[in-house]
Amino acid sequence: MNSIFHVRIAWYQHLYLILLGGLSFFLLWDKSIILAAICMIMLVLLIERFIHTTYTITKDGKLIISSGRFSKPKTIWLKDILSVERRNSVKIVGFSVLRYVMIGYGAGRYLSVLPLKEQEFIDLLERKRKELMED
């Protein structure tokens with residue numbers, strides 16, 4: 001059975017949605033309909049992307065990263081993954097601004113993901129990688 005993990009929406013993404021929504025409202029209030037429509041389309045696309053982004057670990061040894069309905073999914077073979085580790089971005093007064101999972105694969109390629117259940121995602125990814133290495 002495939003394991004599906006949903007994305008965790010970071011604080012700055014919430015802020016971006018609030019600002020874009022406020023800008024859309026202001027542009028409607030100001031009767032700038034074309035600019036308001038463009039902002040609203042961007043808002044809908046961003047919300048769709050945040051809601052439908054998933055990380056799927058399949059039985060046949062793939063990690064499929066789907067970033068919404070309007071983008072092409074990215075597929076990484078689990079046998080190509082070299083490292084999986086939890087990272088923190090810039091720390092300010094001892095608190096990190098953002099936590100993410102860094103996946104190293106291929107020849108010097110890296111990918112950062114924001115799964116909702118980070119530790120469960122890392123554990124399952126490591127377990128599946130070990131199972132594939134044993135076979």
# chains A, B, ... in the order shown; residues from 1 in each chain; ligands from 1
$ closest_atom_pairs --of "region 77-117 of chain A" --to "region 37-56 of chain A" --cutoff "10 Å" --atoms "only C-alpha atoms" --output "JSON lines"
{"residue": "A:Val113", "atom": "CA", "partner": "A:Tyr55", "partner_atom": "CA", "distance": 8.4}
{"residue": "A:Leu114", "atom": "CA", "partner": "A:Tyr55", "partner_atom": "CA", "distance": 9.2}
{"residue": "A:Pro115", "atom": "CA", "partner": "A:Tyr55", "partner_atom": "CA", "distance": 7.4}
{"residue": "A:Leu116", "atom": "CA", "partner": "A:Thr54", "partner_atom": "CA", "distance": 9.7}
$ residues_around --residues "Ala10 (chain A)" --least-positions-apart "4" --cutoff "9 Å" --atoms "only C-alpha atoms" --output "list in words"
His14, Leu15, Leu98, Arg99 and Leu114 of chain A
$ write_last_selection --atoms "N, CA, C and O atoms" --output "compact mmCIF listing (two decimals), in the first residue's frame"
# COMPACT_ATOMS: atom_id res chain seq x y z
N HIS A 14 1.33 31.22 5.01
CA HIS A 14 0.10 31.81 5.56
C HIS A 14 0.12 33.33 5.39
O HIS A 14 -0.88 33.93 4.99
N LEU A 15 1.26 33.94 5.72
CA LEU A 15 1.40 35.39 5.59
C LEU A 15 1.21 35.84 4.14
O LEU A 15 0.52 36.83 3.87
N LEU A 98 12.40 28.02 10.06
CA LEU A 98 11.69 26.97 9.34
C LEU A 98 12.41 25.64 9.52
O LEU A 98 13.64 25.58 9.43
N ARG A 99 11.64 24.58 9.76
CA ARG A 99 12.17 23.22 9.78
C ARG A 99 11.74 22.51 8.51
O ARG A 99 10.60 22.66 8.07
N LEU A 114 8.43 19.53 3.03
CA LEU A 114 7.81 19.94 4.29
C LEU A 114 6.65 19.00 4.63
O LEU A 114 5.49 19.40 4.57
$ closest_residue --among "A:Met102, A:Ile64, A:Val97, A:Ala36" --to "Trp11 (chain A)" --atoms "only C-alpha atoms"
A:Val97
$ residues_around --residues "region 128-130 of chain A" --least-positions-apart "6" --cutoff "9 Å" --atoms "only C-alpha atoms" --output "PDB file with N, CA and C atoms, in the first residue's frame"
ATOM      1  N   ILE A  57       5.061   7.631  -1.006  1.00  0.00           N
ATOM      2  CA  ILE A  57       6.081   6.575  -1.047  1.00  0.00           C
ATOM      3  C   ILE A  57       5.366   5.322  -1.505  1.00  0.00           C
ATOM      4  N   LYS A  59       4.924   1.272  -3.138  1.00  0.00           N
ATOM      5  CA  LYS A  59       5.415  -0.075  -2.839  1.00  0.00           C
ATOM      6  C   LYS A  59       6.580  -0.457  -3.736  1.00  0.00           C
ATOM      7  N   GLY A  61       9.027   1.317  -4.719  1.00  0.00           N
ATOM      8  CA  GLY A  61      10.278   2.004  -4.429  1.00  0.00           C
ATOM      9  C   GLY A  61      10.440   3.372  -5.051  1.00  0.00           C
ATOM     10  N   LEU A  78      13.762   5.419  -4.694  1.00  0.00           N
ATOM     11  CA  LEU A  78      14.306   5.340  -3.331  1.00  0.00           C
ATOM     12  C   LEU A  78      15.733   4.819  -3.322  1.00  0.00           C
ATOM     13  N   LYS A  79      16.089   3.992  -4.308  1.00  0.00           N
ATOM     14  CA  LYS A  79      17.461   3.474  -4.364  1.00  0.00           C
ATOM     15  C   LYS A  79      18.472   4.567  -4.701  1.00  0.00           C
ATOM     16  N   ILE A  81      18.278   7.657  -3.428  1.00  0.00           N
ATOM     17  CA  ILE A  81      18.379   8.572  -2.300  1.00  0.00           C
ATOM     18  C   ILE A  81      19.606   8.221  -1.462  1.00  0.00           C
TER      19      ILE A  81
END
$ select_by_dssp --residues "chain A" --states "strand (DSSP E)" --output "VMD selection string"
chain A and resid 3 to 6 53 to 57 62 to 67 74 to 77 81 to 88 91 to 92 95 to 96 99 to 105 109 to 113
$ atom_distance --atom1 "CA of Phe26 (chain A)" --atom2 "CA of Ser71 (chain A)"
29.4 Å
$ atom_distance --atom1 "CA of Ile103 (chain A)" --atom2 "CA of Leu17 (chain A)"
27.0 Å
$ select_by_dssp --residues "chain A" --states "helix (DSSP H, G or I)" --output "PDB file with N, CA, C and O atoms, in the first residue's frame"
ATOM      1  N   TRP A  11       4.680  29.227   8.088  1.00  0.00           N
ATOM      2  CA  TRP A  11       4.132  30.506   8.534  1.00  0.00           C
ATOM      3  C   TRP A  11       4.211  31.570   7.453  1.00  0.00           C
ATOM      4  O   TRP A  11       3.314  32.385   7.314  1.00  0.00           O
ATOM      5  N   TYR A  12       5.284  31.562   6.674  1.00  0.00           N
ATOM      6  CA  TYR A  12       5.421  32.593   5.653  1.00  0.00           C
ATOM      7  C   TYR A  12       4.437  32.375   4.504  1.00  0.00           C
ATOM      8  O   TYR A  12       4.050  33.326   3.821  1.00  0.00           O
ATOM      9  N   GLN A  13       4.011  31.129   4.286  1.00  0.00           N
ATOM     10  CA  GLN A  13       3.005  30.857   3.270  1.00  0.00           C
ATOM     11  C   GLN A  13       1.633  31.380   3.717  1.00  0.00           C
ATOM     12  O   GLN A  13       0.873  31.916   2.909  1.00  0.00           O
ATOM     13  N   HIS A  14       1.328  31.220   5.009  1.00  0.00           N
ATOM     14  CA  HIS A  14       0.103  31.806   5.557  1.00  0.00           C
ATOM     15  C   HIS A  14       0.122  33.328   5.395  1.00  0.00           C
ATOM     16  O   HIS A  14      -0.877  33.933   4.991  1.00  0.00           O
ATOM     17  N   LEU A  15       1.257  33.941   5.719  1.00  0.00           N
ATOM     18  CA  LEU A  15       1.395  35.393   5.594  1.00  0.00           C
ATOM     19  C   LEU A  15       1.209  35.836   4.143  1.00  0.00           C
ATOM     20  O   LEU A  15       0.523  36.826   3.873  1.00  0.00           O
ATOM     21  N   TYR A  16       1.789  35.086   3.212  1.00  0.00           N
ATOM     22  CA  TYR A  16       1.667  35.413   1.794  1.00  0.00           C
ATOM     23  C   TYR A  16       0.208  35.334   1.342  1.00  0.00           C
ATOM     24  O   TYR A  16      -0.269  36.213   0.608  1.00  0.00           O
ATOM     25  N   LEU A  17      -0.522  34.319   1.796  1.00  0.00           N
ATOM     26  CA  LEU A  17      -1.935  34.193   1.445  1.00  0.00           C
ATOM     27  C   LEU A  17      -2.758  35.354   2.012  1.00  0.00           C
ATOM     28  O   LEU A  17      -3.635  35.897   1.335  1.00  0.00           O
ATOM     29  N   ILE A  18      -2.469  35.745   3.252  1.00  0.00           N
ATOM     30  CA  ILE A  18      -3.193  36.863   3.869  1.00  0.00           C
ATOM     31  C   ILE A  18      -2.912  38.164   3.120  1.00  0.00           C
ATOM     32  O   ILE A  18      -3.836  38.939   2.825  1.00  0.00           O
ATOM     33  N   LEU A  19      -1.652  38.409   2.791  1.00  0.00           N
ATOM     34  CA  LEU A  19      -1.308  39.633   2.067  1.00  0.00           C
ATOM     35  C   LEU A  19      -1.916  39.654   0.668  1.00  0.00           C
ATOM     36  O   LEU A  19      -2.426  40.683   0.224  1.00  0.00           O
ATOM     37  N   LEU A  20      -1.889  38.529  -0.029  1.00  0.00           N
ATOM     38  CA  LEU A  20      -2.461  38.466  -1.365  1.00  0.00           C
ATOM     39  C   LEU A  20      -3.980  38.618  -1.324  1.00  0.00           C
ATOM     40  O   LEU A  20      -4.574  39.286  -2.171  1.00  0.00           O
ATOM     41  N   GLY A  21      -4.615  38.025  -0.312  1.00  0.00           N
ATOM     42  CA  GLY A  21      -6.056  38.203  -0.136  1.00  0.00           C
ATOM     43  C   GLY A  21      -6.409  39.641   0.182  1.00  0.00           C
ATOM     44  O   GLY A  21      -7.384  40.191  -0.353  1.00  0.00           O
ATOM     45  N   GLY A  22      -5.626  40.277   1.048  1.00  0.00           N
ATOM     46  CA  GLY A  22      -5.849  41.688   1.378  1.00  0.00           C
ATOM     47  C   GLY A  22      -5.647  42.586   0.168  1.00  0.00           C
ATOM     48  O   GLY A  22      -6.414  43.533  -0.060  1.00  0.00           O
ATOM     49  N   LEU A  23      -4.625  42.298  -0.623  1.00  0.00           N
ATOM     50  CA  LEU A  23      -4.382  43.071  -1.838  1.00  0.00           C
ATOM     51  C   LEU A  23      -5.532  42.899  -2.828  1.00  0.00           C
ATOM     52  O   LEU A  23      -5.971  43.876  -3.449  1.00  0.00           O
ATOM     53  N   SER A  24      -6.040  41.688  -2.966  1.00  0.00           N
ATOM     54  CA  SER A  24      -7.188  41.444  -3.857  1.00  0.00           C
ATOM     55  C   SER A  24      -8.397  42.248  -3.400  1.00  0.00           C
ATOM     56  O   SER A  24      -9.080  42.875  -4.218  1.00  0.00           O
ATOM     57  N   PHE A  25      -8.669  42.224  -2.103  1.00  0.00           N
ATOM     58  CA  PHE A  25      -9.794  42.974  -1.559  1.00  0.00           C
ATOM     59  C   PHE A  25      -9.626  44.477  -1.799  1.00  0.00           C
ATOM     60  O   PHE A  25     -10.556  45.165  -2.217  1.00  0.00           O
ATOM     61  N   PHE A  26      -8.421  44.987  -1.537  1.00  0.00           N
ATOM     62  CA  PHE A  26      -8.156  46.411  -1.749  1.00  0.00           C
ATOM     63  C   PHE A  26      -8.333  46.795  -3.209  1.00  0.00           C
ATOM     64  O   PHE A  26      -8.911  47.850  -3.527  1.00  0.00           O
ATOM     65  N   LEU A  27      -7.836  45.960  -4.134  1.00  0.00           N
ATOM     66  CA  LEU A  27      -7.961  46.272  -5.553  1.00  0.00           C
ATOM     67  C   LEU A  27      -9.416  46.237  -6.012  1.00  0.00           C
ATOM     68  O   LEU A  27      -9.818  47.022  -6.874  1.00  0.00           O
ATOM     69  N   LEU A  28     -10.209  45.333  -5.440  1.00  0.00           N
ATOM     70  CA  LEU A  28     -11.642  45.331  -5.739  1.00  0.00           C
ATOM     71  C   LEU A  28     -12.295  46.599  -5.206  1.00  0.00           C
ATOM     72  O   LEU A  28     -13.140  47.204  -5.859  1.00  0.00           O
ATOM     73  N   TRP A  29     -11.937  46.996  -4.004  1.00  0.00           N
ATOM     74  CA  TRP A  29     -12.492  48.196  -3.374  1.00  0.00           C
ATOM     75  C   TRP A  29     -12.132  49.436  -4.197  1.00  0.00           C
ATOM     76  O   TRP A  29     -12.932  50.361  -4.342  1.00  0.00           O
ATOM     77  N   ILE A  33     -10.336  46.231 -11.426  1.00  0.00           N
ATOM     78  CA  ILE A  33     -10.870  44.894 -11.610  1.00  0.00           C
ATOM     79  C   ILE A  33      -9.856  43.939 -12.228  1.00  0.00           C
ATOM     80  O   ILE A  33      -9.731  42.788 -11.790  1.00  0.00           O
ATOM     81  N   ILE A  34      -9.117  44.380 -13.219  1.00  0.00           N
ATOM     82  CA  ILE A  34      -8.166  43.488 -13.894  1.00  0.00           C
ATOM     83  C   ILE A  34      -7.061  43.054 -12.933  1.00  0.00           C
ATOM     84  O   ILE A  34      -6.732  41.869 -12.849  1.00  0.00           O
ATOM     85  N   LEU A  35      -6.489  43.996 -12.197  1.00  0.00           N
ATOM     86  CA  LEU A  35      -5.447  43.640 -11.226  1.00  0.00           C
ATOM     87  C   LEU A  35      -6.005  42.763 -10.108  1.00  0.00           C
ATOM     88  O   LEU A  35      -5.338  41.827  -9.648  1.00  0.00           O
ATOM     89  N   ALA A  36      -7.223  43.056  -9.675  1.00  0.00           N
ATOM     90  CA  ALA A  36      -7.854  42.238  -8.637  1.00  0.00           C
ATOM     91  C   ALA A  36      -8.077  40.819  -9.141  1.00  0.00           C
ATOM     92  O   ALA A  36      -7.855  39.850  -8.404  1.00  0.00           O
ATOM     93  N   ALA A  37      -8.487  40.679 -10.387  1.00  0.00           N
ATOM     94  CA  ALA A  37      -8.711  39.349 -10.964  1.00  0.00           C
ATOM     95  C   ALA A  37      -7.399  38.568 -11.051  1.00  0.00           C
ATOM     96  O   ALA A  37      -7.367  37.364 -10.752  1.00  0.00           O
ATOM     97  N   ILE A  38      -6.328  39.247 -11.430  1.00  0.00           N
ATOM     98  CA  ILE A  38      -5.013  38.585 -11.494  1.00  0.00           C
ATOM     99  C   ILE A  38      -4.592  38.115 -10.100  1.00  0.00           C
ATOM    100  O   ILE A  38      -4.129  36.984  -9.924  1.00  0.00           O
ATOM    101  N   CYS A  39      -4.761  38.959  -9.095  1.00  0.00           N
ATOM    102  CA  CYS A  39      -4.413  38.583  -7.719  1.00  0.00           C
ATOM    103  C   CYS A  39      -5.270  37.425  -7.228  1.00  0.00           C
ATOM    104  O   CYS A  39      -4.787  36.527  -6.544  1.00  0.00           O
ATOM    105  N   MET A  40      -6.551  37.435  -7.579  1.00  0.00           N
ATOM    106  CA  MET A  40      -7.431  36.348  -7.145  1.00  0.00           C
ATOM    107  C   MET A  40      -7.078  35.032  -7.817  1.00  0.00           C
ATOM    108  O   MET A  40      -7.139  33.979  -7.185  1.00  0.00           O
ATOM    109  N   ILE A  41      -6.699  35.085  -9.087  1.00  0.00           N
ATOM    110  CA  ILE A  41      -6.265  33.859  -9.777  1.00  0.00           C
ATOM    111  C   ILE A  41      -5.005  33.315  -9.115  1.00  0.00           C
ATOM    112  O   ILE A  41      -4.882  32.112  -8.881  1.00  0.00           O
ATOM    113  N   MET A  42      -4.060  34.198  -8.795  1.00  0.00           N
ATOM    114  CA  MET A  42      -2.845  33.762  -8.089  1.00  0.00           C
ATOM    115  C   MET A  42      -3.188  33.161  -6.738  1.00  0.00           C
ATOM    116  O   MET A  42      -2.606  32.149  -6.328  1.00  0.00           O
ATOM    117  N   LEU A  43      -4.134  33.758  -6.053  1.00  0.00           N
ATOM    118  CA  LEU A  43      -4.559  33.274  -4.742  1.00  0.00           C
ATOM    119  C   LEU A  43      -5.165  31.882  -4.852  1.00  0.00           C
ATOM    120  O   LEU A  43      -4.830  30.986  -4.071  1.00  0.00           O
ATOM    121  N   VAL A  44      -6.026  31.681  -5.832  1.00  0.00           N
ATOM    122  CA  VAL A  44      -6.646  30.362  -6.038  1.00  0.00           C
ATOM    123  C   VAL A  44      -5.587  29.326  -6.393  1.00  0.00           C
ATOM    124  O   VAL A  44      -5.607  28.198  -5.878  1.00  0.00           O
ATOM    125  N   LEU A  45      -4.638  29.681  -7.253  1.00  0.00           N
ATOM    126  CA  LEU A  45      -3.579  28.738  -7.635  1.00  0.00           C
ATOM    127  C   LEU A  45      -2.703  28.362  -6.437  1.00  0.00           C
ATOM    128  O   LEU A  45      -2.322  27.204  -6.271  1.00  0.00           O
ATOM    129  N   LEU A  46      -2.384  29.337  -5.595  1.00  0.00           N
ATOM    130  CA  LEU A  46      -1.563  29.057  -4.414  1.00  0.00           C
ATOM    131  C   LEU A  46      -2.309  28.178  -3.413  1.00  0.00           C
ATOM    132  O   LEU A  46      -1.726  27.230  -2.863  1.00  0.00           O
ATOM    133  N   ILE A  47      -3.573  28.487  -3.179  1.00  0.00           N
ATOM    134  CA  ILE A  47      -4.358  27.668  -2.248  1.00  0.00           C
ATOM    135  C   ILE A  47      -4.468  26.239  -2.773  1.00  0.00           C
ATOM    136  O   ILE A  47      -4.314  25.280  -2.021  1.00  0.00           O
ATOM    137  N   GLU A  48      -4.707  26.096  -4.073  1.00  0.00           N
ATOM    138  CA  GLU A  48      -4.787  24.759  -4.673  1.00  0.00           C
ATOM    139  C   GLU A  48      -3.469  24.010  -4.510  1.00  0.00           C
ATOM    140  O   GLU A  48      -3.448  22.829  -4.188  1.00  0.00           O
ATOM    141  N   ARG A  49      -2.370  24.704  -4.702  1.00  0.00           N
ATOM    142  CA  ARG A  49      -1.057  24.069  -4.558  1.00  0.00           C
ATOM    143  C   ARG A  49      -0.795  23.639  -3.109  1.00  0.00           C
ATOM    144  O   ARG A  49      -0.290  22.561  -2.857  1.00  0.00           O
ATOM    145  N   PHE A  50      -1.147  24.493  -2.160  1.00  0.00           N
ATOM    146  CA  PHE A  50      -0.936  24.155  -0.751  1.00  0.00           C
ATOM    147  C   PHE A  50      -1.804  22.984  -0.324  1.00  0.00           C
ATOM    148  O   PHE A  50      -1.362  22.120   0.433  1.00  0.00           O
ATOM    149  N   ILE A  51      -3.031  22.935  -0.796  1.00  0.00           N
ATOM    150  CA  ILE A  51      -3.947  21.874  -0.390  1.00  0.00           C
ATOM    151  C   ILE A  51      -3.588  20.533  -1.028  1.00  0.00           C
ATOM    152  O   ILE A  51      -3.668  19.492  -0.376  1.00  0.00           O
ATOM    153  N   HIS A  52      -3.175  20.537  -2.289  1.00  0.00           N
ATOM    154  CA  HIS A  52      -2.982  19.289  -3.021  1.00  0.00           C
ATOM    155  C   HIS A  52      -1.531  18.820  -3.148  1.00  0.00           C
ATOM    156  O   HIS A  52      -1.259  17.891  -3.909  1.00  0.00           O
ATOM    157  N   LEU A  78      13.762   5.419  -4.694  1.00  0.00           N
ATOM    158  CA  LEU A  78      14.306   5.340  -3.331  1.00  0.00           C
ATOM    159  C   LEU A  78      15.733   4.819  -3.322  1.00  0.00           C
ATOM    160  O   LEU A  78      16.526   5.176  -2.453  1.00  0.00           O
ATOM    161  N   LYS A  79      16.089   3.992  -4.308  1.00  0.00           N
ATOM    162  CA  LYS A  79      17.461   3.474  -4.364  1.00  0.00           C
ATOM    163  C   LYS A  79      18.472   4.567  -4.701  1.00  0.00           C
ATOM    164  O   LYS A  79      19.653   4.434  -4.416  1.00  0.00           O
ATOM    165  N   ASP A  80      18.005   5.680  -5.294  1.00  0.00           N
ATOM    166  CA  ASP A  80      18.894   6.791  -5.634  1.00  0.00           C
ATOM    167  C   ASP A  80      19.095   7.771  -4.479  1.00  0.00           C
ATOM    168  O   ASP A  80      19.971   8.631  -4.544  1.00  0.00           O
ATOM    169  N   GLU A 118       6.900  14.870  10.058  1.00  0.00           N
ATOM    170  CA  GLU A 118       8.288  14.768   9.623  1.00  0.00           C
ATOM    171  C   GLU A 118       8.956  13.462  10.040  1.00  0.00           C
ATOM    172  O   GLU A 118       9.556  12.782   9.218  1.00  0.00           O
ATOM    173  N   GLN A 119       8.890  13.145  11.312  1.00  0.00           N
ATOM    174  CA  GLN A 119       9.605  11.974  11.810  1.00  0.00           C
ATOM    175  C   GLN A 119       9.057  10.689  11.206  1.00  0.00           C
ATOM    176  O   GLN A 119       9.810   9.795  10.845  1.00  0.00           O
ATOM    177  N   GLU A 120       7.745  10.598  11.079  1.00  0.00           N
ATOM    178  CA  GLU A 120       7.131   9.416  10.479  1.00  0.00           C
ATOM    179  C   GLU A 120       7.561   9.286   9.011  1.00  0.00           C
ATOM    180  O   GLU A 120       7.843   8.191   8.532  1.00  0.00           O
ATOM    181  N   PHE A 121       7.641  10.400   8.303  1.00  0.00           N
ATOM    182  CA  PHE A 121       8.083  10.417   6.912  1.00  0.00           C
ATOM    183  C   PHE A 121       9.530   9.936   6.797  1.00  0.00           C
ATOM    184  O   PHE A 121       9.850   9.084   5.967  1.00  0.00           O
ATOM    185  N   ILE A 122      10.405  10.463   7.646  1.00  0.00           N
ATOM    186  CA  ILE A 122      11.817  10.081   7.616  1.00  0.00           C
ATOM    187  C   ILE A 122      11.985   8.606   7.951  1.00  0.00           C
ATOM    188  O   ILE A 122      12.731   7.880   7.274  1.00  0.00           O
ATOM    189  N   ASP A 123      11.285   8.136   8.996  1.00  0.00           N
ATOM    190  CA  ASP A 123      11.395   6.729   9.397  1.00  0.00           C
ATOM    191  C   ASP A 123      10.937   5.790   8.282  1.00  0.00           C
ATOM    192  O   ASP A 123      11.596   4.789   7.991  1.00  0.00           O
ATOM    193  N   LEU A 124       9.815   6.107   7.648  1.00  0.00           N
ATOM    194  CA  LEU A 124       9.300   5.254   6.573  1.00  0.00           C
ATOM    195  C   LEU A 124      10.234   5.277   5.370  1.00  0.00           C
ATOM    196  O   LEU A 124      10.503   4.233   4.765  1.00  0.00           O
ATOM    197  N   LEU A 125      10.755   6.422   5.038  1.00  0.00           N
ATOM    198  CA  LEU A 125      11.680   6.544   3.914  1.00  0.00           C
ATOM    199  C   LEU A 125      12.946   5.730   4.162  1.00  0.00           C
ATOM    200  O   LEU A 125      13.406   4.989   3.279  1.00  0.00           O
ATOM    201  N   GLU A 126      13.491   5.831   5.372  1.00  0.00           N
ATOM    202  CA  GLU A 126      14.695   5.060   5.716  1.00  0.00           C
ATOM    203  C   GLU A 126      14.407   3.553   5.717  1.00  0.00           C
ATOM    204  O   GLU A 126      15.211   2.761   5.233  1.00  0.00           O
ATOM    205  N   ARG A 127      13.258   3.155   6.262  1.00  0.00           N
ATOM    206  CA  ARG A 127      12.906   1.731   6.299  1.00  0.00           C
ATOM    207  C   ARG A 127      12.743   1.160   4.888  1.00  0.00           C
ATOM    208  O   ARG A 127      13.256   0.092   4.577  1.00  0.00           O
ATOM    209  N   LYS A 128      12.067   1.897   4.009  1.00  0.00           N
ATOM    210  CA  LYS A 128      11.874   1.439   2.624  1.00  0.00           C
ATOM    211  C   LYS A 128      13.207   1.373   1.889  1.00  0.00           C
ATOM    212  O   LYS A 128      13.441   0.453   1.104  1.00  0.00           O
ATOM    213  N   ARG A 129      14.084   2.343   2.137  1.00  0.00           N
ATOM    214  CA  ARG A 129      15.415   2.319   1.500  1.00  0.00           C
ATOM    215  C   ARG A 129      16.198   1.095   1.929  1.00  0.00           C
ATOM    216  O   ARG A 129      16.844   0.435   1.114  1.00  0.00           O
ATOM    217  N   LYS A 130      16.156   0.763   3.237  1.00  0.00           N
ATOM    218  CA  LYS A 130      16.871  -0.417   3.734  1.00  0.00           C
ATOM    219  C   LYS A 130      16.307  -1.702   3.142  1.00  0.00           C
ATOM    220  O   LYS A 130      17.044  -2.616   2.800  1.00  0.00           O
ATOM    221  N   GLU A 131      14.965  -1.763   3.020  1.00  0.00           N
ATOM    222  CA  GLU A 131      14.351  -2.946   2.412  1.00  0.00           C
ATOM    223  C   GLU A 131      14.798  -3.106   0.970  1.00  0.00           C
ATOM    224  O   GLU A 131      15.048  -4.232   0.517  1.00  0.00           O
ATOM    225  N   LEU A 132      14.904  -2.018   0.228  1.00  0.00           N
ATOM    226  CA  LEU A 132      15.334  -2.094  -1.166  1.00  0.00           C
ATOM    227  C   LEU A 132      16.806  -2.474  -1.277  1.00  0.00           C
ATOM    228  O   LEU A 132      17.202  -3.170  -2.214  1.00  0.00           O
ATOM    229  N   MET A 133      17.629  -2.020  -0.327  1.00  0.00           N
ATOM    230  CA  MET A 133      19.056  -2.355  -0.354  1.00  0.00           C
ATOM    231  C   MET A 133      19.275  -3.838  -0.054  1.00  0.00           C
ATOM    232  O   MET A 133      20.200  -4.437  -0.575  1.00  0.00           O
ATOM    233  N   GLU A 134      18.419  -4.435   0.787  1.00  0.00           N
ATOM    234  CA  GLU A 134      18.563  -5.834   1.133  1.00  0.00           C
ATOM    235  C   GLU A 134      18.156  -6.754  -0.011  1.00  0.00           C
ATOM    236  O   GLU A 134      18.655  -7.860  -0.119  1.00  0.00           O
TER     237      GLU A 134
END
$ atom_distance --atom1 "CA of Ser83 (chain A)" --atom2 "CA of His6 (chain A)"
20.7 Å
$ closest_residue --among "A:Tyr100, A:Ile76, A:Gly108, A:Lys117" --to "Ile4 (chain A)" --atoms "only C-alpha atoms"
A:Lys117
$ closest_residue --among "A:Ser112, A:Val7, A:Tyr105, A:Ser89" --to "Gly68 (chain A)" --atoms "only C-alpha atoms"
A:Val7
